[in-house]
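The structure file structure_32.csv is reproduced below (CSV, C-alpha atoms).
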```
chain,number,residue,atom,x,y,z
A,1,MET,CA,151.1,77.7,126.1
A,2,ILE,CA,148.9,80.4,124.4
A,3,THR,CA,150.1,82.2,121.3
A,4,ALA,CA,149.9,85.9,120.9
A,5,GLU,CA,147.5,85.4,118.0
A,6,ALA,CA,145.1,83.5,120.3
A,7,VAL,CA,145.2,86.2,122.9
A,8,ILE,CA,144.4,88.8,120.3
A,9,ALA,CA,141.7,86.7,118.5
A,10,MET,CA,140.0,85.3,121.6
A,11,PRO,CA,138.0,88.4,122.6
A,12,PHE,CA,136.7,88.8,119.1
A,13,LEU,CA,135.7,85.1,118.9
A,14,VAL,CA,133.9,85.4,122.3
A,15,TRP,CA,132.1,88.6,121.2
A,16,TRP,CA,131.1,87.0,117.9
A,17,TYR,CA,129.8,83.9,119.6
A,18,ILE,CA,127.7,85.8,122.1
A,19,GLY,CA,126.6,88.2,119.3
A,20,SER,CA,125.3,85.3,117.3
A,21,PHE,CA,123.1,84.3,120.2
A,22,VAL,CA,121.8,87.9,120.5
A,23,PHE,CA,120.9,88.0,116.7
A,24,PHE,CA,119.3,84.6,116.9
A,25,ASP,CA,117.2,85.7,119.9
A,26,ALA,CA,116.1,88.9,118.2
A,27,PHE,CA,115.0,87.2,115.1
A,28,GLN,CA,113.3,84.5,117.1
A,29,ALA,CA,111.5,87.1,119.2
A,30,ARG,CA,110.4,89.0,116.1
A,31,ASN,CA,109.0,85.7,114.6
A,32,VAL,CA,107.1,84.8,117.8
A,33,ASN,CA,105.6,88.3,118.0
A,34,LEU,CA,104.4,88.1,114.4
A,35,LYS,CA,102.9,84.7,114.9
A,36,ALA,CA,101.2,85.9,118.1
A,37,ALA,CA,99.8,88.9,116.2
A,38,TYR,CA,98.4,86.7,113.4
A,39,THR,CA,96.8,84.3,116.0
A,40,VAL,CA,95.1,87.2,117.8
A,41,ALA,CA,93.9,88.6,114.5
A,42,ASP,CA,92.5,85.2,113.5
A,43,MET,CA,90.7,84.9,116.8
A,44,LEU,CA,89.1,88.3,116.2
A,45,SER,CA,88.1,87.6,112.6
A,46,ARG,CA,86.2,84.5,113.7
A,47,GLU,CA,83.9,86.4,116.1
A,48,ASP,CA,80.3,86.3,114.9
A,49,GLY,CA,78.8,88.6,117.4
A,50,SER,CA,79.9,91.8,119.1
A,51,VAL,CA,83.0,92.5,121.1
A,52,ASN,CA,83.5,94.9,124.1
A,53,ALA,CA,86.4,96.4,126.0
A,54,ASN,CA,86.8,93.3,128.1
A,55,TYR,CA,87.2,91.2,125.0
A,56,ILE,CA,89.9,93.5,123.6
A,57,TYR,CA,91.8,93.4,126.9
A,58,GLY,CA,91.5,89.7,126.8
A,59,LEU,CA,93.0,89.6,123.4
A,60,GLU,CA,95.9,91.7,124.8
A,61,ARG,CA,96.4,89.2,127.5
A,62,VAL,CA,96.4,86.4,124.9
A,63,TYR,CA,99.0,88.3,122.8
A,64,SER,CA,101.1,89.0,125.8
A,65,TYR,CA,101.0,85.3,126.9
A,66,LEU,CA,101.9,84.1,123.4
A,67,ALA,CA,104.8,86.5,123.1
A,68,THR,CA,106.1,85.7,126.6
A,69,GLY,CA,109.8,85.8,126.7
A,70,SER,CA,110.0,87.8,123.5
A,71,GLY,CA,109.4,91.2,125.0
A,72,SER,CA,107.5,93.1,127.6
A,73,ASN,CA,104.8,95.8,127.9
A,74,ALA,CA,102.5,94.4,125.2
A,75,ALA,CA,99.7,96.5,123.8
A,76,ILE,CA,97.2,96.2,121.0
A,77,ARG,CA,94.9,98.4,119.0
A,78,VAL,CA,91.9,97.0,117.1
A,79,THR,CA,90.2,99.1,114.5
A,80,LEU,CA,87.3,98.2,112.2
A,81,VAL,CA,87.8,100.1,108.9
A,82,ARG,CA,85.3,100.6,106.0
A,83,CYS,CA,86.1,101.8,102.5
A,84,SER,CA,83.5,104.3,101.4
A,85,GLN,CA,84.8,106.1,98.3
A,86,ASN,CA,87.2,105.3,95.4
A,87,CYS,CA,87.6,101.8,96.8
A,88,ASP,CA,88.9,100.3,93.6
A,89,GLN,CA,91.8,102.7,93.3
A,90,ASP,CA,95.2,102.4,94.8
A,91,ASN,CA,96.3,105.9,94.2
A,92,GLY,CA,95.9,107.4,97.6
A,93,TYR,CA,92.4,108.8,97.0
A,94,ARG,CA,90.5,106.0,98.7
A,95,LEU,CA,88.4,107.1,101.7
A,96,LEU,CA,88.8,104.8,104.6
A,97,GLU,CA,86.5,105.4,107.6
A,98,VAL,CA,86.8,104.1,111.1
A,99,ASP,CA,83.7,102.3,112.4
A,100,TRP,CA,85.2,101.8,115.8
A,101,SER,CA,88.6,101.6,117.3
A,102,MET,CA,90.1,100.7,120.7
A,103,GLY,CA,93.6,100.6,122.1
A,104,THR,CA,95.0,99.2,125.3
A,105,ASP,CA,97.7,100.6,127.5
A,106,ASP,CA,97.2,104.2,126.7
A,107,LEU,CA,97.1,103.7,122.9
A,108,ALA,CA,94.6,106.2,121.5
A,109,ALA,CA,91.8,104.9,119.2
A,110,LEU,CA,92.4,105.6,115.5
A,111,THR,CA,90.2,108.2,113.8
A,112,THR,CA,89.1,108.5,110.2
A,113,GLY,CA,91.5,111.4,109.8
A,114,GLN,CA,94.4,109.2,110.6
A,115,MET,CA,93.5,106.5,108.1
A,116,SER,CA,95.4,108.3,105.2
A,117,THR,CA,98.6,107.1,106.8
A,118,TYR,CA,97.4,103.5,106.5
A,119,LEU,CA,96.5,103.6,102.8
A,120,ASP,CA,99.6,101.6,101.7
A,121,ASP,CA,98.9,98.9,104.4
A,122,ILE,CA,95.2,98.2,103.6
A,123,PRO,CA,94.5,96.4,100.4
A,124,ILE,CA,92.0,97.4,97.8
A,125,MET,CA,88.5,96.2,98.8
A,126,PRO,CA,85.0,96.6,97.5
A,127,ALA,CA,83.0,99.7,98.5
A,128,GLY,CA,81.3,99.3,101.9
A,129,ASP,CA,83.5,96.3,102.8
A,130,ARG,CA,85.1,96.2,106.2
A,131,VAL,CA,88.5,94.9,107.4
A,132,ILE,CA,89.9,94.5,110.9
A,133,LEU,CA,93.1,96.4,111.5
A,134,LEU,CA,95.1,94.9,114.4
A,135,GLU,CA,98.2,96.6,115.6
A,136,THR,CA,100.5,95.0,118.2
A,137,PHE,CA,103.3,96.6,120.1
A,138,ILE,CA,105.8,95.1,122.4
A,139,ASP,CA,109.2,96.2,123.8
A,140,TYR,CA,112.2,94.1,123.1
A,141,GLU,CA,115.5,94.2,125.0
A,142,PRO,CA,118.4,92.0,123.9
A,143,ALA,CA,119.5,89.3,126.4
A,144,TRP,CA,123.1,90.6,126.4
A,145,ASP,CA,124.4,94.0,125.6
A,146,VAL,CA,127.2,93.3,123.2
A,147,GLY,CA,126.9,96.7,121.4
A,148,ILE,CA,125.2,95.4,118.2
A,149,LEU,CA,121.5,95.6,119.0
A,150,ASN,CA,119.7,98.3,120.9
A,151,PRO,CA,116.4,97.9,122.8
A,152,SER,CA,113.6,98.4,120.4
A,153,ASP,CA,109.9,98.0,119.8
A,154,PHE,CA,108.3,95.2,117.7
A,155,ASP,CA,105.3,96.6,115.9
A,156,ASN,CA,103.0,94.5,113.8
A,157,LEU,CA,100.1,95.5,111.6
A,158,ILE,CA,97.7,92.8,110.5
A,159,VAL,CA,94.8,93.4,108.2
A,160,THR,CA,92.1,90.7,108.0
A,161,ARG,CA,88.4,90.4,107.1
A,162,PRO,CA,85.6,89.3,109.4
A,163,ARG,CA,85.0,85.7,108.4
A,164,PHE,CA,81.4,85.0,109.3
A,165,VAL,CA,79.7,88.4,109.5
A,166,PRO,CA,79.9,91.5,107.4
A,167,GLN,CA,81.2,93.5,110.4
A,168,ILE,CA,82.0,93.0,114.0
A,169,GLN,CA,80.0,95.3,116.3
A,170,PHE,CA,81.6,97.0,119.3
A,171,GLU,CA,79.6,97.4,122.5
A,172,SER,CA,81.0,100.1,124.8
```
Step by step, read the file and then write its structure as structure tokens.
Amino acid sequence: MITAEAVIAMPFLVWWYIGSFVFFDAFQARNVNLKAAYTVADMLSREDGSVNANYIYGLERVYSYLATGSGSNAAIRVTLVRCSQNCDQDNGYRLLEVDWSMGTDDLAALTTGQMSTYLDDIPIMPAGDRVILLETFIDYEPAWDVGILNPSDFDNLIVTRPRFVPQIQFES
């Protein structure tokens, strides 16, 4: 025999149980995407020669493979950024210039004019030094629609330095 309280509480308990799986899946997917982004950034930072468009598309495939099951429609944008003026200041007056940039899946390359929006994300560095800016994007849709999470995008921004050379060249 089922009590009236059980009939009233059971839908809430089922919703809570499924919702906990949705939340766990979302956090797990976010974690996997961040780890995949750091892995791709580390691969790129270890390059000691030049890269080309095929290499960047290959990095996108690696990122997509590593993030499999955690989203769809993966895309990346790689930008080599150089600080040219006021590099020791963190007051918004640093001049960051783009040496080269390339995006996949219709992501436009970044320009020097757009770098002012990234000032808070790029650490202070010596004048003339270069960093690699890797942006990753992937669509995420919850496994079950229980009304608590909407489909969203997971965007990551990773800043790292080239390890073995002062800068990585891009061959078009």
(message) Could you list, as an MDAnalysis selection string, every residue within 7 Å of stretch 108-122 of chain A, counting all atoms listed in the file and ignoring same-chain residues fewer than 4 positions away?
(response) chainID A and resid 79 92 96:98 101:103 159
(message) With distances taken over only C-alpha atoms, which residue among A:Val7, A:Ala29, A:Val131, A:Ala74 lies nearest A:Arg163?
(response)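 Among the listed residues, the smallest separation from A:Arg163 belongs to A:Val131.
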(message) Which residues are close to A:Ile158, i.e. within 9 Å by only C-alpha atoms, leaving aside same-chain residues fewer than 5 positions away? Reply as a PyMOL selection string.
(response) chain A and resi 37-38+41+121+132-136
(request) Using only C-alpha atoms, find the one residue out of A:Glu47, A:Asp153, A:Asp145, A:Glu171 that sits nearest to A:Trp15. (result) A:Asp145
(request) Write out as a PyMOL selection string which residues come within 10 Å of A:Ile18 when counting only C-alpha atoms, dropping same-chain ones fewer than 6 positions away. (result) chain A and resi 12+24+143-146
Store the residues picked out above, limited to C-alpha atoms, as a compact mmCIF listing (two decimals), in the coordinates of the input.
```txt
# COMPACT_ATOMS: atom_id res chain seq x y z
CA PHE A 12 136.70 88.80 119.10
CA PHE A 24 119.30 84.60 116.90
CA ALA A 143 119.50 89.30 126.40
CA TRP A 144 123.10 90.60 126.40
CA ASP A 145 124.40 94.00 125.60
CA VAL A 146 127.20 93.30 123.20
```
(request) Rank nothing, just name the residue among A:Ile8, A:Val32, A:Leu107, A:Met1 nearest to A:Gly69, using all atoms listed in the file. (result)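 Smallest separation from A:Gly69 among the options: A:Val32.
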